[in-house]
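Structure record follows, encoded as structure tokens.
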Amino acid sequence: MSDPMRPRASLRTAVVWEVLKDALDRKAEAAGSDALDVLDTGGGTGNFAVPVARLGHRVTVVDPSPNALFALERRAAEAGVADRVRGVQGDIHGLFDVVDRGGYDAVLCHGVLEYVDDPAEGVRNAVDALRPSGTLSLLAAGLGGAVLARALAGHFTEARQALADPAGRWGEGDPVPRRFTADQLTELVAKAGVEVGAVHGVRVFADLVPGALVDTEPGALDALLKLEAAAAELPAFHSVATQLHVLGEKQGPGER
């Protein structure tokens with residue numbers, strides 16, 4: 001995934017970025033502050049962290065890869081936000097070995113739950129890092145998108161395998177350890193004490209449309225972006241999205 005600001009890459013990131021930016025703007029206005037404390041778990045090279053820092057917020061990125069954190073540092077410097085981006089080596093399961101509980105206005109948990117041993121613990125840790133009424137942005141691989149993609153590629157047995165497999169995997173060669181339905185993600189989030197505000201289907205069409213068509217047909221990219229945005233909030237399309245995005249707010253103990 002590339003910078004959300006780059007046009008071609010925006011097919012993969014535009015829906016999440018617009019929702020996230022709006023949520024941060026509202027959170028900053030409610031807090032009466034231009035700068036929020038944002039935690040990006042598994043944030044890697046800063047695909048979201050750097051654009052968030054460009055908005056004026058302070059971002060801590062936790063990632064297990066030293067190489068990714070080195071690239072993050074370089075990217076933040078090139079973007080002129082090195083003073084607002086901090087990289088820390090760690091992961092979601094050992095999160096509080098490297099960051100404080102309850103220290104953040106917003107937590108991004110993007111592309112993490114697919115790879116952890118215990119997704120429920122991962123979500124709980126992300127929520128525990130939030131301040132009261134903090135915002136959680138959760139992005140994970142969708143089951144339906146994988147099934148549809150395998151079927152359209154002619155791999156019908158693999159598509160059926162993904163549909164039947166508890167983890168949503170299509171076979172031994174599947175690079176993604178786990179996929180989710182919208183109901184599974186919202187249940188995980190709700191059990192961790194987050195009130196779900198919105199669910200979005202991400203990359204509903206983008207991964208199915210030939211890249212050559214998007215790159216060569218005049219106006220195709222812009223039209224596809226608008227189509228993705230229009231379909232993202234419609235529940236009917238959540239079941240075929242490549243990724244699912246859940247946005248929510250941490251509840252107080254008495255609200256759960």
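Chain lettering (A, B, ...) mirrors the order of the structure tokens, residue numbering begins at 1 for each chain separately, and ligand numbering begins at 1 in order of display.
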Shell of 9 Å around segment 158-172 of chain A, only C-alpha atoms, local chain residues under 2 positions omitted, as JSON, numbers by chain: {"A": [142, 143, 144, 146, 147, 148, 149, 150, 151, 154, 155, 156, 174, 175, 176, 177, 178, 179, 180]}
Test item: residues at most 8 Å from segment 14-24 of chain A, only C-alpha atoms, excluding those fewer than 4 positions along its chain, as a PyMOL selection string: chain A and resi 4+10+28+36+48+52+106+135+137+200+202+225+228-229+232+245
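Minimum atom-to-atom distances from A:Val62, A:Leu11, A:Leu136, A:Leu208 to Glu249 of chain A were compared using only C-alpha atoms, and the lowest value belongs to A:Leu136.
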A:Ala126, A:Ala35, A:Ala206, A:Leu221 ranked by distance to Arg101 of chain A, top pick (using only C-alpha atoms): A:Ala126
Counting only C-alpha atoms, the residue of A:Ala241, A:Val204, A:Leu95, A:Leu224 that sits nearest Asp40 of chain A: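 Going through A:Ala241, A:Val204, A:Leu95, A:Leu224 one by one, the smallest distance to Asp40 of chain A is for A:Leu95.
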